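Participant: Below is the structure I would like to discuss, written out as structure tokens.
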Amino acid sequence: SLWPNEREAALASARSLRPTARFEVHEVRGVPVVVDGAHNPEGLEAALWAVRVEYGDRPLGIVFGALKDKDVGSMLDILGKEAHTLVLTRPACADGRALDPERVDREYQPRDTGGRRARVAGDAGEALREAVEELEKVGGVVLVTGSLYTGASVLGRLRGR
């Protein structure tokens, strides 16, 4: 275990090392919205760790959309241990590689930490609205992840494009 001053130094270091290109934070109705392009289990673990460094144990809403060739089962296992609310969506990917969120729900039946089935949203904007509404009630944070396409779609909306 780290000594208190070592722990603070480690946290400060982690904050300074946060990958700014992949980890972008906006605020929607008072809810921090973290967008990270993690698209594999290792990247997802890193994104969750960075969110916990920054926001501690605040309830976490996750908007998740992935591509067909990714290890979705492993990613959903990781998210199910952290998500107060889980909203599945379709990445905005024009080449047909986007994984249908209805299919993800049927095949994997992902659940949040409370045992509730994931919600399914038709697009990233709807998914973000649902997650923010839920997390606004509990002082939480929203993480958008699973694909660079999912992140880009949400960032376009958050940046007003």
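Chain labels A, B, ... are given in the sequence in which chains occur in the structure tokens; within each chain residues are numbered consecutively from 1, and ligands are likewise numbered from 1 in the order shown.
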Would you list the contacts of Pro32 in chain A as a VMD selection string, taking every protein, DNA or RNA residue within 10 Å and counting only C-alpha atoms, but skipping same-chain residues closer than 5 positions in sequence?

Facilitator: chain A and resid 25 to 27 55 132 135 to 136 139 to 143

Participant: Please produce, as JSON lines, a per-residue contact table for range 86-152 of chain A versus range 157-160 of chain A (criterion: any atom at most 10 Å away, only C-alpha atoms considered), showing the nearest atom pair and its distance in Å to one decimal, sorted by chain then residue number.

Facilitator:
{"residue": "A:Ala124", "atom": "CA", "partner": "A:Arg157", "partner_atom": "CA", "distance": 9.1}
{"residue": "A:Gly125", "atom": "CA", "partner": "A:Arg157", "partner_atom": "CA", "distance": 7.3}
{"residue": "A:Leu128", "atom": "CA", "partner": "A:Arg157", "partner_atom": "CA", "distance": 9.7}
{"residue": "A:Ala152", "atom": "CA", "partner": "A:Arg157", "partner_atom": "CA", "distance": 8.8}

Participant: For a test of reading the model, state the distance in Å between CA of Leu148 in chain A and CA of Asn40 in chain A, rounded to one decimal.

Facilitator: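 These two atoms are separated by 10.9 Å.
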
Participant: Given the choices A:Val31, A:Ile78, A:Leu88, A:Val104, which gets closest to Ala47 in chain A if the distance is worked out from only C-alpha atoms?

Facilitator: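 Nearest to Ala47 in chain A: A:Ile78.
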
Participant: Pick out the closest residue to Phe64 in chain A from this set: A:Val138, A:Leu155, A:Val87, A:Val51. Count only C-alpha atoms.

Facilitator: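 Once distances to Phe64 in chain A are computed over only C-alpha atoms, the minimum belongs to A:Val87.
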
Participant: For the structure I just gave you, how does DSSP split range 21-151 of chain A - specifically, which residues are strand (DSSP E)? Reply as number ranges by chain.

Facilitator: A: 23-28, 31-36, 60-64, 85-88, 119-120, 141-145

Participant: Between A:Arg129, A:Arg97, A:Lys137, A:His84, which one has atoms that come closest to Gly115 in chain A, using only C-alpha atoms?

Facilitator: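 When distances to Gly115 in chain A are compared using only C-alpha atoms, the smallest one comes from A:His84.
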
Participant: Leaving out Leu44 in chain A and any residue of its chain fewer than 5 positions from it, which residues lie within 12 Å of it when counting only C-alpha atoms, given as a PyMOL selection string?

Facilitator: chain A and resi 22-23+35-39+49-51+62+64+66+71-72+74-80+82+143-147

Participant: Go ahead and write the selection's residues with N, CA, C and O atoms as an mmCIF file, in the first residue's frame.

Facilitator:
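Below you can see out-v2.cif, which holds the result:
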data_model
loop_
_atom_site.group_PDB
_atom_site.id
_atom_site.type_symbol
_atom_site.label_atom_id
_atom_site.label_comp_id
_atom_site.auth_asym_id
_atom_site.auth_seq_id
_atom_site.Cartn_x
_atom_site.Cartn_y
_atom_site.Cartn_z
ATOM 1 N N ARG A 22 -7.529 11.332 -26.461
ATOM 2 C CA ARG A 22 -8.589 10.330 -26.375
ATOM 3 C C ARG A 22 -9.571 10.623 -25.248
ATOM 4 O O ARG A 22 -10.634 10.062 -25.208
ATOM 5 N N PHE A 23 -9.195 11.443 -24.318
ATOM 6 C CA PHE A 23 -9.978 11.648 -23.104
ATOM 7 C C PHE A 23 -10.390 13.109 -23.080
ATOM 8 O O PHE A 23 -9.582 13.975 -22.786
ATOM 9 N N VAL A 35 -15.427 11.579 -22.767
ATOM 10 C CA VAL A 35 -15.446 10.839 -24.021
ATOM 11 C C VAL A 35 -14.063 10.229 -24.215
ATOM 12 O O VAL A 35 -13.055 10.945 -24.213
ATOM 13 N N ASP A 36 -14.035 8.906 -24.367
ATOM 14 C CA ASP A 36 -12.775 8.202 -24.558
ATOM 15 C C ASP A 36 -12.964 7.149 -25.645
ATOM 16 O O ASP A 36 -13.941 6.400 -25.617
ATOM 17 N N GLY A 37 -12.049 7.083 -26.576
ATOM 18 C CA GLY A 37 -12.188 6.187 -27.723
ATOM 19 C C GLY A 37 -11.786 4.743 -27.473
ATOM 20 O O GLY A 37 -11.540 4.013 -28.435
ATOM 21 N N ALA A 38 -11.723 4.307 -26.228
ATOM 22 C CA ALA A 38 -11.314 2.928 -25.926
ATOM 23 C C ALA A 38 -12.167 1.938 -26.718
ATOM 24 O O ALA A 38 -13.389 2.028 -26.721
ATOM 25 N N HIS A 39 -11.491 0.970 -27.361
ATOM 26 C CA HIS A 39 -12.216 0.008 -28.187
ATOM 27 C C HIS A 39 -11.683 -1.411 -28.002
ATOM 28 O O HIS A 39 -11.871 -2.261 -28.866
ATOM 29 N N TRP A 49 -10.018 3.614 -15.206
ATOM 30 C CA TRP A 49 -9.062 4.012 -14.174
ATOM 31 C C TRP A 49 -8.899 5.535 -14.167
ATOM 32 O O TRP A 49 -8.939 6.177 -13.122
ATOM 33 N N ALA A 50 -8.772 6.122 -15.352
ATOM 34 C CA ALA A 50 -8.610 7.580 -15.452
ATOM 35 C C ALA A 50 -9.848 8.307 -14.925
ATOM 36 O O ALA A 50 -9.742 9.325 -14.239
ATOM 37 N N VAL A 51 -11.046 7.785 -15.224
ATOM 38 C CA VAL A 51 -12.277 8.390 -14.715
ATOM 39 C C VAL A 51 -12.305 8.310 -13.193
ATOM 40 O O VAL A 51 -12.669 9.272 -12.514
ATOM 41 N N ILE A 62 -22.597 4.772 -18.453
ATOM 42 C CA ILE A 62 -21.753 4.463 -19.602
ATOM 43 C C ILE A 62 -22.594 4.380 -20.868
ATOM 44 O O ILE A 62 -23.599 3.668 -20.903
ATOM 45 N N PHE A 64 -22.174 3.077 -24.566
ATOM 46 C CA PHE A 64 -21.264 2.129 -25.212
ATOM 47 C C PHE A 64 -21.749 1.775 -26.609
ATOM 48 O O PHE A 64 -22.892 1.370 -26.799
ATOM 49 N N ALA A 66 -19.898 -0.192 -30.162
ATOM 50 C CA ALA A 66 -18.677 -0.840 -30.649
ATOM 51 C C ALA A 66 -18.827 -1.300 -32.093
ATOM 52 O O ALA A 66 -19.928 -1.343 -32.642
ATOM 53 N N ASP A 71 -13.809 -7.145 -29.202
ATOM 54 C CA ASP A 71 -14.072 -8.103 -28.127
ATOM 55 C C ASP A 71 -15.145 -7.530 -27.199
ATOM 56 O O ASP A 71 -14.879 -7.124 -26.072
ATOM 57 N N VAL A 72 -16.360 -7.498 -27.722
ATOM 58 C CA VAL A 72 -17.478 -6.849 -27.033
ATOM 59 C C VAL A 72 -17.811 -7.546 -25.711
ATOM 60 O O VAL A 72 -18.070 -6.886 -24.707
ATOM 61 N N SER A 74 -15.906 -9.166 -23.563
ATOM 62 C CA SER A 74 -14.961 -8.784 -22.505
ATOM 63 C C SER A 74 -15.174 -7.346 -22.067
ATOM 64 O O SER A 74 -15.119 -7.030 -20.875
ATOM 65 N N MET A 75 -15.425 -6.464 -23.031
ATOM 66 C CA MET A 75 -15.648 -5.061 -22.673
ATOM 67 C C MET A 75 -16.910 -4.916 -21.829
ATOM 68 O O MET A 75 -16.926 -4.189 -20.837
ATOM 69 N N LEU A 76 -17.977 -5.626 -22.193
ATOM 70 C CA LEU A 76 -19.221 -5.534 -21.414
ATOM 71 C C LEU A 76 -19.054 -6.123 -20.022
ATOM 72 O O LEU A 76 -19.655 -5.627 -19.064
ATOM 73 N N ASP A 77 -18.237 -7.168 -19.879
ATOM 74 C CA ASP A 77 -17.955 -7.716 -18.551
ATOM 75 C C ASP A 77 -17.306 -6.665 -17.660
ATOM 76 O O ASP A 77 -17.661 -6.515 -16.488
ATOM 77 N N ILE A 78 -16.354 -5.936 -18.222
ATOM 78 C CA ILE A 78 -15.669 -4.875 -17.473
ATOM 79 C C ILE A 78 -16.656 -3.776 -17.101
ATOM 80 O O ILE A 78 -16.709 -3.323 -15.959
ATOM 81 N N LEU A 79 -17.463 -3.348 -18.062
ATOM 82 C CA LEU A 79 -18.399 -2.245 -17.821
ATOM 83 C C LEU A 79 -19.477 -2.610 -16.807
ATOM 84 O O LEU A 79 -19.908 -1.772 -16.025
ATOM 85 N N GLY A 80 -19.913 -3.860 -16.831
ATOM 86 C CA GLY A 80 -20.955 -4.296 -15.912
ATOM 87 C C GLY A 80 -20.555 -4.190 -14.458
ATOM 88 O O GLY A 80 -21.413 -4.105 -13.571
ATOM 89 N N GLU A 82 -18.829 -1.647 -13.313
ATOM 90 C CA GLU A 82 -18.661 -0.222 -13.012
ATOM 91 C C GLU A 82 -19.901 0.628 -13.285
ATOM 92 O O GLU A 82 -20.042 1.707 -12.730
ATOM 93 N N LEU A 143 -19.503 8.272 -19.027
ATOM 94 C CA LEU A 143 -18.377 7.903 -19.874
ATOM 95 C C LEU A 143 -18.923 7.385 -21.193
ATOM 96 O O LEU A 143 -19.752 6.471 -21.215
ATOM 97 N N VAL A 144 -18.471 7.990 -22.286
ATOM 98 C CA VAL A 144 -18.842 7.546 -23.635
ATOM 99 C C VAL A 144 -17.643 6.802 -24.188
ATOM 100 O O VAL A 144 -16.541 7.362 -24.240
ATOM 101 N N THR A 145 -17.841 5.520 -24.596
ATOM 102 C CA THR A 145 -16.700 4.709 -24.982
ATOM 103 C C THR A 145 -17.118 3.545 -25.880
ATOM 104 O O THR A 145 -18.272 3.399 -26.224
ATOM 105 N N GLY A 146 -16.141 2.713 -26.255
ATOM 106 C CA GLY A 146 -16.405 1.515 -27.045
ATOM 107 C C GLY A 146 -15.900 1.594 -28.472
ATOM 108 O O GLY A 146 -15.645 0.578 -29.097
ATOM 109 N N SER A 147 -15.778 2.813 -28.982
ATOM 110 C CA SER A 147 -15.334 3.001 -30.357
ATOM 111 C C SER A 147 -14.966 4.466 -30.566
ATOM 112 O O SER A 147 -15.599 5.357 -30.001
#
